[in-house]
$ cat entry-v7.pdb   # PDB, C-alpha atoms, pLDDT in the B column
ATOM      1  CA  MET A   1     -33.536 266.787 193.842  1.00 65.00           C
ATOM      2  CA  PRO A   2     -36.228 267.604 191.301  1.00 76.00           C
ATOM      3  CA  ASN A   3     -38.675 264.902 190.262  1.00 86.00           C
ATOM      4  CA  ILE A   4     -38.242 264.220 186.530  1.00 92.00           C
ATOM      5  CA  LEU A   5     -41.192 262.568 184.798  1.00 94.00           C
ATOM      6  CA  ILE A   6     -40.478 260.514 181.650  1.00 96.00           C
ATOM      7  CA  VAL A   7     -43.487 259.538 179.534  1.00 95.00           C
ATOM      8  CA  ASP A   8     -42.819 257.247 176.569  1.00 94.00           C
ATOM      9  CA  ASP A   9     -44.366 254.003 175.321  1.00 91.00           C
ATOM     10  CA  ASP A  10     -40.970 252.636 174.264  1.00 93.00           C
ATOM     11  CA  PRO A  11     -39.441 250.625 177.162  1.00 93.00           C
ATOM     12  CA  ALA A  12     -35.942 251.049 175.723  1.00 94.00           C
ATOM     13  CA  ILE A  13     -36.225 254.841 175.809  1.00 94.00           C
ATOM     14  CA  LEU A  14     -37.567 254.757 179.365  1.00 93.00           C
ATOM     15  CA  GLU A  15     -34.706 252.516 180.449  1.00 94.00           C
ATOM     16  CA  ILE A  16     -31.885 254.577 178.974  1.00 95.00           C
ATOM     17  CA  LEU A  17     -33.252 257.949 180.081  1.00 95.00           C
ATOM     18  CA  ARG A  18     -33.925 256.565 183.559  1.00 93.00           C
ATOM     19  CA  ALA A  19     -30.304 255.423 183.823  1.00 93.00           C
ATOM     20  CA  TYR A  20     -28.832 258.716 182.625  1.00 92.00           C
ATOM     21  CA  LEU A  21     -31.084 260.907 184.780  1.00 92.00           C
ATOM     22  CA  LYS A  22     -30.543 258.799 187.912  1.00 89.00           C
ATOM     23  CA  ALA A  23     -26.802 259.044 187.299  1.00 85.00           C
ATOM     24  CA  GLU A  24     -27.300 262.829 187.506  1.00 83.00           C
ATOM     25  CA  GLY A  25     -28.892 262.334 190.907  1.00 80.00           C
ATOM     26  CA  HIS A  26     -32.483 263.007 189.820  1.00 85.00           C
ATOM     27  CA  THR A  27     -35.553 261.247 191.155  1.00 85.00           C
ATOM     28  CA  VAL A  28     -37.276 259.639 188.155  1.00 92.00           C
ATOM     29  CA  LEU A  29     -41.013 259.125 187.697  1.00 92.00           C
ATOM     30  CA  GLU A  30     -42.285 257.103 184.727  1.00 93.00           C
ATOM     31  CA  ALA A  31     -45.397 256.481 182.666  1.00 91.00           C
ATOM     32  CA  CYS A  32     -45.892 254.612 179.393  1.00 91.00           C
ATOM     33  CA  ASP A  33     -49.178 256.217 178.285  1.00 89.00           C
ATOM     34  CA  GLY A  34     -50.978 259.520 178.517  1.00 87.00           C
ATOM     35  CA  TYR A  35     -53.662 258.376 180.925  1.00 89.00           C
ATOM     36  CA  SER A  36     -51.271 257.203 183.656  1.00 87.00           C
ATOM     37  CA  ALA A  37     -49.048 260.238 183.033  1.00 89.00           C
ATOM     38  CA  ARG A  38     -51.900 262.540 184.062  1.00 87.00           C
ATOM     39  CA  GLU A  39     -51.620 261.244 187.625  1.00 83.00           C
ATOM     40  CA  GLN A  40     -47.856 261.821 187.699  1.00 85.00           C
ATOM     41  CA  VAL A  41     -47.649 265.319 186.199  1.00 88.00           C
ATOM     42  CA  PRO A  42     -48.610 267.185 189.415  1.00 83.00           C
ATOM     43  CA  ARG A  43     -45.747 265.434 191.250  1.00 82.00           C
ATOM     44  CA  ALA A  44     -43.120 266.390 188.667  1.00 88.00           C
ATOM     45  CA  ASP A  45     -40.734 269.344 188.623  1.00 88.00           C
ATOM     46  CA  LEU A  46     -39.956 268.707 184.937  1.00 93.00           C
ATOM     47  CA  ALA A  47     -41.643 266.471 182.359  1.00 94.00           C
ATOM     48  CA  ILE A  48     -40.140 264.706 179.335  1.00 96.00           C
ATOM     49  CA  LEU A  49     -43.055 263.789 177.070  1.00 93.00           C
ATOM     50  CA  ASP A  50     -43.198 261.757 173.892  1.00 91.00           C
ATOM     51  CA  TRP A  51     -45.396 263.473 171.316  1.00 87.00           C
ATOM     52  CA  MET A  52     -47.147 260.288 170.211  1.00 86.00           C
ATOM     53  CA  LEU A  53     -48.559 258.377 173.182  1.00 87.00           C
ATOM     54  CA  PRO A  54     -51.363 255.839 173.651  1.00 85.00           C
ATOM     55  CA  GLY A  55     -54.523 257.466 174.943  1.00 83.00           C
ATOM     56  CA  VAL A  56     -53.471 261.092 175.340  1.00 87.00           C
ATOM     57  CA  SER A  57     -50.728 262.691 173.258  1.00 87.00           C
ATOM     58  CA  GLY A  58     -47.760 264.462 174.790  1.00 88.00           C
ATOM     59  CA  VAL A  59     -48.840 267.800 173.371  1.00 86.00           C
ATOM     60  CA  ASP A  60     -52.308 267.335 174.891  1.00 88.00           C
ATOM     61  CA  LEU A  61     -50.684 266.587 178.261  1.00 89.00           C
ATOM     62  CA  ALA A  62     -48.708 269.816 177.938  1.00 89.00           C
ATOM     63  CA  ARG A  63     -51.862 271.756 177.076  1.00 87.00           C
ATOM     64  CA  GLU A  64     -53.739 270.261 180.043  1.00 89.00           C
ATOM     65  CA  ALA A  65     -50.860 271.014 182.416  1.00 87.00           C
ATOM     66  CA  ARG A  66     -50.779 274.661 181.384  1.00 84.00           C
ATOM     67  CA  ALA A  67     -54.575 274.965 181.526  1.00 83.00           C
ATOM     68  CA  SER A  68     -54.511 273.699 185.124  1.00 81.00           C
ATOM     69  CA  GLY A  69     -51.894 276.287 186.101  1.00 79.00           C
ATOM     70  CA  LEU A  70     -48.834 274.011 186.313  1.00 80.00           C
ATOM     71  CA  THR A  71     -45.615 275.788 185.364  1.00 81.00           C
ATOM     72  CA  LEU A  72     -43.164 272.866 185.289  1.00 87.00           C
ATOM     73  CA  PRO A  73     -40.736 272.851 182.318  1.00 90.00           C
ATOM     74  CA  ILE A  74     -41.760 270.460 179.525  1.00 92.00           C
ATOM     75  CA  LEU A  75     -39.329 268.817 177.121  1.00 93.00           C
ATOM     76  CA  MET A  76     -40.909 267.077 174.136  1.00 89.00           C
ATOM     77  CA  LEU A  77     -39.450 263.985 172.457  1.00 89.00           C
ATOM     78  CA  THR A  78     -40.680 263.807 168.904  1.00 84.00           C
ATOM     79  CA  ALA A  79     -40.051 262.419 165.467  1.00 78.00           C
ATOM     80  CA  ARG A  80     -41.670 265.586 164.149  1.00 66.00           C
ATOM     81  CA  GLY A  81     -38.982 268.020 163.095  1.00 60.00           C
ATOM     82  CA  GLU A  82     -41.136 270.368 161.046  1.00 56.00           C
ATOM     83  CA  GLU A  83     -41.284 273.990 162.144  1.00 57.00           C
ATOM     84  CA  GLU A  84     -45.102 274.056 162.050  1.00 59.00           C
ATOM     85  CA  ASP A  85     -45.326 271.137 164.490  1.00 60.00           C
ATOM     86  CA  LYS A  86     -42.823 272.746 166.839  1.00 63.00           C
ATOM     87  CA  LEU A  87     -44.741 276.008 166.815  1.00 64.00           C
ATOM     88  CA  ARG A  88     -47.943 274.136 167.615  1.00 64.00           C
ATOM     89  CA  GLY A  89     -46.267 272.526 170.606  1.00 61.00           C
ATOM     90  CA  LEU A  90     -44.859 275.843 171.798  1.00 70.00           C
ATOM     91  CA  ASP A  91     -48.350 277.331 171.609  1.00 67.00           C
ATOM     92  CA  PHE A  92     -49.532 274.619 174.016  1.00 68.00           C
ATOM     93  CA  GLY A  93     -46.751 275.218 176.544  1.00 76.00           C
ATOM     94  CA  VAL A  94     -43.822 273.018 175.449  1.00 83.00           C
ATOM     95  CA  ASP A  95     -40.503 274.597 176.484  1.00 85.00           C
ATOM     96  CA  ASP A  96     -38.020 272.637 174.362  1.00 86.00           C
ATOM     97  CA  TYR A  97     -37.726 269.815 171.814  1.00 85.00           C
ATOM     98  CA  VAL A  98     -35.448 266.878 171.134  1.00 87.00           C
ATOM     99  CA  VAL A  99     -36.002 265.130 167.801  1.00 84.00           C
ATOM    100  CA  LYS A 100     -35.671 261.335 167.616  1.00 85.00           C
ATOM    101  CA  PRO A 101     -33.285 259.600 167.302  1.00 87.00           C
ATOM    102  CA  PHE A 102     -31.481 261.502 170.044  1.00 88.00           C
ATOM    103  CA  SER A 103     -28.436 261.258 172.295  1.00 90.00           C
ATOM    104  CA  PRO A 104     -29.303 260.665 175.972  1.00 92.00           C
ATOM    105  CA  ARG A 105     -26.536 263.115 176.835  1.00 90.00           C
ATOM    106  CA  GLU A 106     -28.341 265.774 174.820  1.00 90.00           C
ATOM    107  CA  VAL A 107     -31.548 265.120 176.761  1.00 92.00           C
ATOM    108  CA  VAL A 108     -29.673 265.412 180.080  1.00 91.00           C
ATOM    109  CA  ALA A 109     -28.102 268.679 178.901  1.00 89.00           C
ATOM    110  CA  ARG A 110     -31.520 270.061 177.914  1.00 88.00           C
ATOM    111  CA  VAL A 111     -32.910 269.028 181.309  1.00 90.00           C
ATOM    112  CA  ARG A 112     -30.075 270.850 183.082  1.00 86.00           C
ATOM    113  CA  ALA A 113     -30.701 273.973 181.011  1.00 84.00           C
ATOM    114  CA  LEU A 114     -34.452 273.946 181.679  1.00 87.00           C
ATOM    115  CA  LEU A 115     -33.940 273.480 185.421  1.00 83.00           C
ATOM    116  CA  ARG A 116     -31.450 276.349 185.495  1.00 77.00           C
ATOM    117  CA  ARG A 117     -33.905 278.505 183.573  1.00 75.00           C
ATOM    118  CA  VAL A 118     -36.627 278.073 186.174  1.00 67.00           C
ATOM    119  CA  GLY A 119     -34.168 278.365 189.041  1.00 57.00           C
ATOM    120  CA  VAL A 120     -34.662 274.970 190.636  1.00 56.00           C
ATOM    121  CA  GLN A 121     -32.786 275.065 193.916  1.00 59.00           C
ATOM    122  CA  GLU A 122     -30.004 272.681 194.854  1.00 66.00           C
ATOM    123  CA  GLU A 123     -29.752 273.810 198.490  1.00 76.00           C
ATOM    124  CA  ILE A 124     -32.075 275.488 200.949  1.00 81.00           C
ATOM    125  CA  ALA A 125     -30.744 277.325 203.990  1.00 83.00           C
ATOM    126  CA  VAL A 126     -33.068 278.531 206.746  1.00 84.00           C
ATOM    127  CA  GLY A 127     -31.327 279.676 209.911  1.00 84.00           C
ATOM    128  CA  ASP A 128     -29.134 276.771 211.002  1.00 89.00           C
ATOM    129  CA  LEU A 129     -31.022 274.260 208.851  1.00 91.00           C
ATOM    130  CA  ARG A 130     -29.393 273.179 205.584  1.00 91.00           C
ATOM    131  CA  ILE A 131     -31.208 271.008 203.040  1.00 90.00           C
ATOM    132  CA  ASP A 132     -29.052 269.584 200.240  1.00 85.00           C
ATOM    133  CA  LEU A 133     -31.555 268.716 197.518  1.00 77.00           C
ATOM    134  CA  ARG A 134     -28.941 267.204 195.233  1.00 69.00           C
ATOM    135  CA  GLY A 135     -27.282 265.144 197.960  1.00 75.00           C
ATOM    136  CA  HIS A 136     -30.633 264.200 199.510  1.00 80.00           C
ATOM    137  CA  SER A 137     -29.454 265.132 203.007  1.00 88.00           C
ATOM    138  CA  ALA A 138     -30.110 267.734 205.690  1.00 93.00           C
ATOM    139  CA  SER A 139     -28.228 269.124 208.680  1.00 93.00           C
ATOM    140  CA  LEU A 140     -29.134 271.237 211.699  1.00 92.00           C
ATOM    141  CA  SER A 141     -26.491 273.353 213.439  1.00 91.00           C
ATOM    142  CA  GLY A 142     -23.869 271.458 211.452  1.00 90.00           C
ATOM    143  CA  GLU A 143     -25.103 268.031 212.570  1.00 92.00           C
ATOM    144  CA  ARG A 144     -26.451 265.659 209.945  1.00 93.00           C
ATOM    145  CA  LEU A 145     -30.118 264.753 210.439  1.00 94.00           C
ATOM    146  CA  GLU A 146     -30.920 261.062 210.161  1.00 94.00           C
ATOM    147  CA  LEU A 147     -34.029 261.322 208.013  1.00 93.00           C
ATOM    148  CA  SER A 148     -35.890 258.550 206.231  1.00 92.00           C
ATOM    149  CA  LYS A 149     -36.534 259.043 202.524  1.00 89.00           C
ATOM    150  CA  LEU A 150     -40.167 259.941 203.235  1.00 90.00           C
ATOM    151  CA  GLU A 151     -39.163 262.455 205.918  1.00 93.00           C
ATOM    152  CA  PHE A 152     -36.643 264.066 203.588  1.00 91.00           C
ATOM    153  CA  ASP A 153     -39.167 264.220 200.739  1.00 88.00           C
ATOM    154  CA  LEU A 154     -41.714 265.848 203.071  1.00 90.00           C
ATOM    155  CA  LEU A 155     -39.187 268.376 204.339  1.00 92.00           C
ATOM    156  CA  SER A 156     -37.940 269.297 200.864  1.00 86.00           C
ATOM    157  CA  ALA A 157     -41.471 269.613 199.447  1.00 84.00           C
ATOM    158  CA  LEU A 158     -42.468 272.002 202.236  1.00 87.00           C
ATOM    159  CA  ALA A 159     -39.194 273.958 202.295  1.00 86.00           C
ATOM    160  CA  GLN A 160     -39.157 274.598 198.547  1.00 75.00           C
ATOM    161  CA  HIS A 161     -42.402 276.555 198.933  1.00 74.00           C
ATOM    162  CA  PRO A 162     -42.110 278.517 202.193  1.00 78.00           C
ATOM    163  CA  GLY A 163     -45.317 280.115 203.393  1.00 79.00           C
ATOM    164  CA  MET A 164     -47.518 277.915 201.211  1.00 78.00           C
ATOM    165  CA  ALA A 165     -50.147 275.851 203.015  1.00 83.00           C
ATOM    166  CA  TRP A 166     -50.029 272.256 201.800  1.00 85.00           C
ATOM    167  CA  PRO A 167     -53.242 270.234 202.222  1.00 87.00           C
ATOM    168  CA  ARG A 168     -52.586 266.763 203.591  1.00 88.00           C
ATOM    169  CA  GLU A 169     -53.983 265.155 200.440  1.00 85.00           C
ATOM    170  CA  ARG A 170     -51.559 267.172 198.290  1.00 81.00           C
ATOM    171  CA  LEU A 171     -48.585 266.103 200.422  1.00 86.00           C
ATOM    172  CA  LEU A 172     -49.808 262.511 200.285  1.00 85.00           C
ATOM    173  CA  GLU A 173     -49.908 262.647 196.478  1.00 79.00           C
ATOM    174  CA  ARG A 174     -46.562 264.446 196.187  1.00 77.00           C
ATOM    175  CA  VAL A 175     -44.557 262.218 198.533  1.00 84.00           C
ATOM    176  CA  TRP A 176     -46.328 258.839 198.533  1.00 84.00           C
ATOM    177  CA  GLY A 177     -47.856 258.948 195.026  1.00 75.00           C
ATOM    178  CA  SER A 178     -51.428 258.993 193.783  1.00 66.00           C
ATOM    179  CA  ASP A 179     -51.740 255.195 193.985  1.00 70.00           C
ATOM    180  CA  PHE A 180     -50.780 254.966 197.691  1.00 77.00           C
ATOM    181  CA  PRO A 181     -53.546 253.014 199.480  1.00 79.00           C
ATOM    182  CA  GLY A 182     -53.095 254.682 202.896  1.00 78.00           C
ATOM    183  CA  THR A 183     -54.933 257.614 204.458  1.00 85.00           C
ATOM    184  CA  GLU A 184     -53.912 261.211 205.155  1.00 86.00           C
ATOM    185  CA  ARG A 185     -53.121 260.165 208.732  1.00 88.00           C
ATOM    186  CA  VAL A 186     -49.774 258.849 207.484  1.00 92.00           C
ATOM    187  CA  VAL A 187     -48.798 262.454 206.701  1.00 92.00           C
ATOM    188  CA  ASP A 188     -49.453 263.497 210.315  1.00 93.00           C
ATOM    189  CA  VAL A 189     -47.411 260.576 211.648  1.00 93.00           C
ATOM    190  CA  HIS A 190     -44.384 261.420 209.502  1.00 94.00           C
ATOM    191  CA  ILE A 191     -44.658 265.158 210.211  1.00 94.00           C
ATOM    192  CA  THR A 192     -44.581 264.346 213.948  1.00 92.00           C
ATOM    193  CA  GLY A 193     -41.398 262.308 213.504  1.00 92.00           C
ATOM    194  CA  LEU A 194     -39.832 264.992 211.315  1.00 93.00           C
ATOM    195  CA  ARG A 195     -40.618 267.726 213.844  1.00 93.00           C
ATOM    196  CA  LYS A 196     -38.907 265.785 216.617  1.00 92.00           C
ATOM    197  CA  LYS A 197     -35.726 265.552 214.566  1.00 93.00           C
ATOM    198  CA  LEU A 198     -35.915 269.290 213.773  1.00 92.00           C
ATOM    199  CA  GLY A 199     -36.484 270.192 217.418  1.00 89.00           C
ATOM    200  CA  ASP A 200     -39.912 271.589 216.525  1.00 86.00           C
ATOM    201  CA  THR A 201     -43.030 271.530 218.643  1.00 72.00           C
ATOM    202  CA  SER A 202     -46.580 272.183 217.467  1.00 64.00           C
ATOM    203  CA  ASP A 203     -46.847 275.056 219.971  1.00 73.00           C
ATOM    204  CA  THR A 204     -43.634 276.857 219.026  1.00 75.00           C
ATOM    205  CA  PRO A 205     -42.596 275.634 215.583  1.00 81.00           C
ATOM    206  CA  ARG A 206     -39.306 276.861 214.145  1.00 86.00           C
ATOM    207  CA  PHE A 207     -39.814 275.295 210.750  1.00 92.00           C
ATOM    208  CA  ILE A 208     -43.091 273.418 210.186  1.00 92.00           C
ATOM    209  CA  GLU A 209     -46.397 275.016 211.167  1.00 91.00           C
ATOM    210  CA  THR A 210     -49.806 273.376 211.336  1.00 91.00           C
ATOM    211  CA  VAL A 211     -52.465 275.146 209.275  1.00 89.00           C
ATOM    212  CA  ARG A 212     -55.714 274.286 210.988  1.00 88.00           C
ATOM    213  CA  GLY A 213     -58.284 272.680 208.721  1.00 87.00           C
ATOM    214  CA  VAL A 214     -55.749 272.440 205.874  1.00 87.00           C
ATOM    215  CA  GLY A 215     -52.393 270.796 206.592  1.00 90.00           C
ATOM    216  CA  TYR A 216     -48.876 272.167 207.000  1.00 92.00           C
ATOM    217  CA  ARG A 217     -46.546 274.875 205.820  1.00 89.00           C
ATOM    218  CA  PHE A 218     -42.864 275.722 206.119  1.00 90.00           C
ATOM    219  CA  ARG A 219     -42.309 278.973 207.985  1.00 85.00           C
ATOM    220  CA  GLU A 220     -40.963 281.900 206.013  1.00 68.00           C
ATOM    221  CA  GLU A 221     -37.862 283.552 207.414  1.00 61.00           C
TER     222      GLU A 221
END
$ encode --input "entry-v7.pdb" --output "structure tokens"
Amino acid sequence: MPNILIVDDDPAILEILRAYLKAEGHTVLEACDGYSAREQVPRADLAILDWMLPGVSGVDLAREARASGLTLPILMLTARGEEEDKLRGLDFGVDDYVVKPFSPREVVARVRALLRRVGVQEEIAVGDLRIDLRGHSASLSGERLELSKLEFDLLSALAQHPGMAWPRERLLERVWGSDFPGTERVVDVHITGLRKKLGDTSDTPRFIETVRGVGYRFREE
């Protein structure tokens, strides 16, 4: 499932949106200020940003994300309903708005619409491998794979971008988080375990290839 980042300095808003989005099956990331949100944005598939945040505003986060080349959908929560403010946000890369006070159901509906718009996948099929992103499960030749959460997150991250070489440090940040104290070696260890379950070998990989000097990539069909 997509990673949804919620950034708001109001604990009540974080709590209710977390509950509604998790009920939809989403993985939820959170931050309560602009500075900590910066570390989370690269891990997100969609961001819900409050306009007014301590440190860095939501609209500045959107501008920075677009300037760095990130294309994730951005939904802005704001008390600003004026057309001029909305246009300013759209100029900086905001995709949609919800004006406070809002219904959590409306936010969930906007999230669904934005994810559909960018074509976020719910299932990946490669040969006899099936990855159910919504159900957080995978099967090979019709048999369910017993994957840990970290193994599934690694597999889904790689499979959603076939042919793209992922540096180990990028996988570490995506799956374990930017504050994980371990080293890149943990990526290699989990890739080894994942390959065994997929029936892969480093010499003749069906799914996960090693990119020498870089990291790993999921083979294109």
$ axis_aligned_box --input "entry-v7.pdb" --around "range 130-145 of chain A" --padding-each-side "4 Å" --output "JSON"
{"center_x": -27.7, "center_y": 268.8, "center_z": 204.3, "size_x": 15.7, "size_y": 17.2, "size_z": 26.2}
$ atom_distance --input "entry-v7.pdb" --atom1 "CA of Leu77 in chain A" --atom2 "CA of Val111 in chain A"
12.1 Å
$ resolve_selection --input "entry-v7.pdb" --expression "the PyMOL selection byres ((chain A and resi 4-17) around 8)" --output "list in words"
Pro2, Asn3, Arg18, Ala19, Tyr20, Leu21, His26, Thr27, Val28, Leu29, Glu30, Ala31, Cys32, Asp33, Gly34, Ala37, Gln40, Val41, Ala44, Asp45, Leu46, Ala47, Ile48, Leu49, Asp50, Leu53, Pro54 and Pro104 of chain A
$ closest_residue --input "entry-v7.pdb" --among "A:Ala62, A:Ala79, A:Leu171, A:Leu155" --to "Ser139 in chain A" --atoms "only C-alpha atoms"
A:Leu155
$ residues_around --input "entry-v7.pdb" --residues "Arg144 in chain A" --least-positions-apart "6" --cutoff "12 Å" --atoms "only C-alpha atoms" --output "count of residues only"
10
$ atom_distance --input "entry-v7.pdb" --atom1 "CA of Val94 in chain A" --atom2 "CA of Ala109 in chain A"
16.7 Å
$ closest_residue --input "entry-v7.pdb" --among "A:Gly55, A:Pro181, A:Pro167, A:Pro42" --to "Gly213 in chain A" --atoms "all atoms listed in the file"
A:Pro167
$ atom_distance --input "entry-v7.pdb" --atom1 "CA of Trp51 in chain A" --atom2 "CA of Met76 in chain A"
6.4 Å
$ residues_near_point --input "entry-v7.pdb" --point "(-45.2, 276.2, 176.7)" --cutoff "12 Å" --atoms "all atoms listed in the file" --output "short mmCIF file (atom, residue, chain, number, x, y, z; two decimals) with C-alpha atoms, in the frame of the given file"
data_model
loop_
_atom_site.label_atom_id
_atom_site.label_comp_id
_atom_site.auth_asym_id
_atom_site.auth_seq_id
_atom_site.Cartn_x
_atom_site.Cartn_y
_atom_site.Cartn_z
CA ALA A 47 -41.64 266.47 182.36
CA VAL A 59 -48.84 267.80 173.37
CA ASP A 60 -52.31 267.33 174.89
CA LEU A 61 -50.68 266.59 178.26
CA ALA A 62 -48.71 269.82 177.94
CA ARG A 63 -51.86 271.76 177.08
CA GLU A 64 -53.74 270.26 180.04
CA ALA A 65 -50.86 271.01 182.42
CA ARG A 66 -50.78 274.66 181.38
CA ALA A 67 -54.58 274.96 181.53
CA GLY A 69 -51.89 276.29 186.10
CA LEU A 70 -48.83 274.01 186.31
CA THR A 71 -45.62 275.79 185.36
CA LEU A 72 -43.16 272.87 185.29
CA PRO A 73 -40.74 272.85 182.32
CA ILE A 74 -41.76 270.46 179.52
CA LEU A 75 -39.33 268.82 177.12
CA MET A 76 -40.91 267.08 174.14
CA LYS A 86 -42.82 272.75 166.84
CA LEU A 87 -44.74 276.01 166.82
CA ARG A 88 -47.94 274.14 167.62
CA GLY A 89 -46.27 272.53 170.61
CA LEU A 90 -44.86 275.84 171.80
CA ASP A 91 -48.35 277.33 171.61
CA PHE A 92 -49.53 274.62 174.02
CA GLY A 93 -46.75 275.22 176.54
CA VAL A 94 -43.82 273.02 175.45
CA ASP A 95 -40.50 274.60 176.48
CA ASP A 96 -38.02 272.64 174.36
CA TYR A 97 -37.73 269.82 171.81
#
$ residues_around --input "entry-v7.pdb" --residues "Met52 in chain A" --least-positions-apart "3" --cutoff "8 Å" --atoms "only C-alpha atoms" --output "list in words"
Ser57, Gly58 and Thr78 of chain A
$ closest_residue --input "entry-v7.pdb" --among "A:Gly163, A:Gly193, A:Gly215, A:Pro205" --to "Leu145 in chain A" --atoms "all atoms listed in the file"
A:Gly193
$ residues_near_point --input "entry-v7.pdb" --point "(-38.7, 279.3, 209.9)" --cutoff "10 Å" --atoms "all atoms listed in the file" --output "short mmCIF file (atom, residue, chain, number, x, y, z; two decimals) with C-alpha atoms, in the frame of the given file"
data_model
loop_
_atom_site.label_atom_id
_atom_site.label_comp_id
_atom_site.auth_asym_id
_atom_site.auth_seq_id
_atom_site.Cartn_x
_atom_site.Cartn_y
_atom_site.Cartn_z
CA VAL A 126 -33.07 278.53 206.75
CA GLY A 127 -31.33 279.68 209.91
CA ASP A 128 -29.13 276.77 211.00
CA LEU A 129 -31.02 274.26 208.85
CA ALA A 159 -39.19 273.96 202.30
CA PRO A 162 -42.11 278.52 202.19
CA GLY A 163 -45.32 280.12 203.39
CA PRO A 205 -42.60 275.63 215.58
CA ARG A 206 -39.31 276.86 214.14
CA PHE A 207 -39.81 275.30 210.75
CA ILE A 208 -43.09 273.42 210.19
CA GLU A 209 -46.40 275.02 211.17
CA ARG A 217 -46.55 274.88 205.82
CA PHE A 218 -42.86 275.72 206.12
CA ARG A 219 -42.31 278.97 207.98
CA GLU A 220 -40.96 281.90 206.01
CA GLU A 221 -37.86 283.55 207.41
#
$ closest_residue --input "entry-v7.pdb" --among "A:Gly142, A:Glu184, A:Ile124, A:Leu172" --to "Ser156 in chain A" --atoms "only C-alpha atoms"
A:Ile124
